[in-house]
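Q: I am attaching a structure below and will ask some questions about it afterwards.
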Amino acid sequence: MNEERYILFDQYLQDEMAVEERNSFENQLSEDQELAAAFETFKAINLQLENKFEYEVEREAFKENLTKISDKHFNANKPKVIPLRPWHYGVAASAVILFGLLLYNYNQNPSFEDFNHPEQAYFTERSDANATLKEAETAFNSGEYKKAVALFESILKTNNTPEIQYFYGVSLLEVNNTKKAETIFNTLKSGTSVYKDKAIWNLALIKLKQRDYKACKEILLTISEDYEDYVEVQILLKELE
């Protein structure tokens, strides 16, 4: 789990960093694409939390409950790089804690749109990138998924890597070609690449899009806790209860 990272994200969003810390963090975001992607995911999740806790009194009650259970998830004697407020421990623990302590019952089923946040592609930062790959990246990041599908299909003829397959699958899902996207993601699921859990997450999103909540939950339960966006997995599982 990435508790320290989530704490850092929260401190930045709450404007609790010194100027030097804030500048350092922003430099890290500009240099580390994986960190930047994780931060964007955290911001989206944070927005969902704010929407659920519309009133300040509810938010404060939520924080108070997080504080009560924080010691169960963190060693209070473990040294930290940065000073933390008590409820930060709860925020960072995981979405199991975040949503396990919800004080209110929400009957509305989660929607595909709430959890569909395609990450950015960064193919062109590599020295072996070609013009077609760069064009595919631009199309994908601009939300021109139909164009991206055609470009990825061309690229896959000579560059059939898990990375290209994954972004091809996401593009297919975005243009509602769920059957073909499911085939791509199942292939990645059976492999051992770093896109394995990402593929499983997208298989769950397909079921969510189809409102097959039972199948969605079953798929989510197979995702490893080491998955970089596991916090979203736990949020969606909670909302499916």
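Note on naming: chains are A, B, ... as they come in the structure tokens, residues start from 1 per chain, ligands start from 1 in the order shown.
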Identify, on the basis of only C-alpha atoms, every residue whose closest approach to Ala37 of chain A does not exceed 8 Å; exclude the query and any residue fewer than 4 positions from it along the same chain; express the result as a ChimeraX atom specification.
A: /A:33,41,119-120
Q: Take the residues from that selection and write them out as a compact mmCIF listing (two decimals), in the first residue's frame, keeping C-alpha atoms.
A:
# COMPACT_ATOMS: atom_id res chain seq x y z
CA GLN A 33 4.50 10.35 -14.56
CA THR A 41 -6.70 9.49 -9.20
CA GLU A 119 -4.90 7.34 -17.42
CA GLN A 120 -2.74 9.29 -19.83
Q: Determine which residues of segment 99-216 of chain A DSSP labels as helix (DSSP H, G or I) from the backbone of this structure, then write them out as a VMD selection string.
A: chain A and resid 99 to 100 112 to 115 123 to 125 131 to 141 145 to 155 162 to 174 178 to 189 196 to 209 213 to 216
Q: Looking at only C-alpha atoms, which of A:Glu26, A:Glu241, A:Glu40, A:Glu182 is the one that sits closest to Ala199 of chain A?
A: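 The closest residue to Ala199 of chain A is A:Glu182.
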Q: Pick the closest to Arg5 of chain A from A:Asp229, A:Phe115, A:Asn109, A:Val175: which is it, counting only C-alpha atoms?
A: A:Asp229
Q: Could you give me, as a ChimeraX atom specification, the residues within 12 Å of Leu173 of chain A, counting only C-alpha atoms and dropping anything in the same chain fewer than 6 positions from it?
A: /A:112,116-118,145-146,148-149,166-167,179-185,199,202-210
Q: Between atom CA of Ser171 of chain A and atom CA of Ser190 of chain A, what is the distance in Å, rounded to a tenth?
A: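 Separation of atom CA of Ser171 of chain A and atom CA of Ser190 of chain A: 19.8 Å.
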Q: Any idea what's packed within 9 Å of Ile155 of chain A, counting only C-alpha atoms, ignoring anything in its chain fewer than 2 positions away? Could you give it as a PDB file with C-alpha atoms, in the first residue's frame?
A:
ATOM      1  CA  THR A 132       2.162   6.459 -35.561  1.00  0.00           C
ATOM      2  CA  LEU A 133       2.684   5.748 -31.884  1.00  0.00           C
ATOM      3  CA  ALA A 136      -1.989   7.297 -31.154  1.00  0.00           C
ATOM      4  CA  ALA A 150      -7.602   2.487 -35.609  1.00  0.00           C
ATOM      5  CA  LEU A 151      -4.074   3.653 -34.836  1.00  0.00           C
ATOM      6  CA  PHE A 152      -3.524   1.010 -32.151  1.00  0.00           C
ATOM      7  CA  GLU A 153      -4.752  -1.708 -34.492  1.00  0.00           C
ATOM      8  CA  LYS A 157       0.651  -5.581 -36.183  1.00  0.00           C
ATOM      9  CA  THR A 158       4.318  -4.971 -35.416  1.00  0.00           C
ATOM     10  CA  ASN A 159       4.337  -3.935 -31.751  1.00  0.00           C
ATOM     11  CA  ASN A 160       2.094  -6.352 -29.876  1.00  0.00           C
ATOM     12  CA  ILE A 164      -0.210  -1.210 -26.468  1.00  0.00           C
TER      13      ILE A 164
END
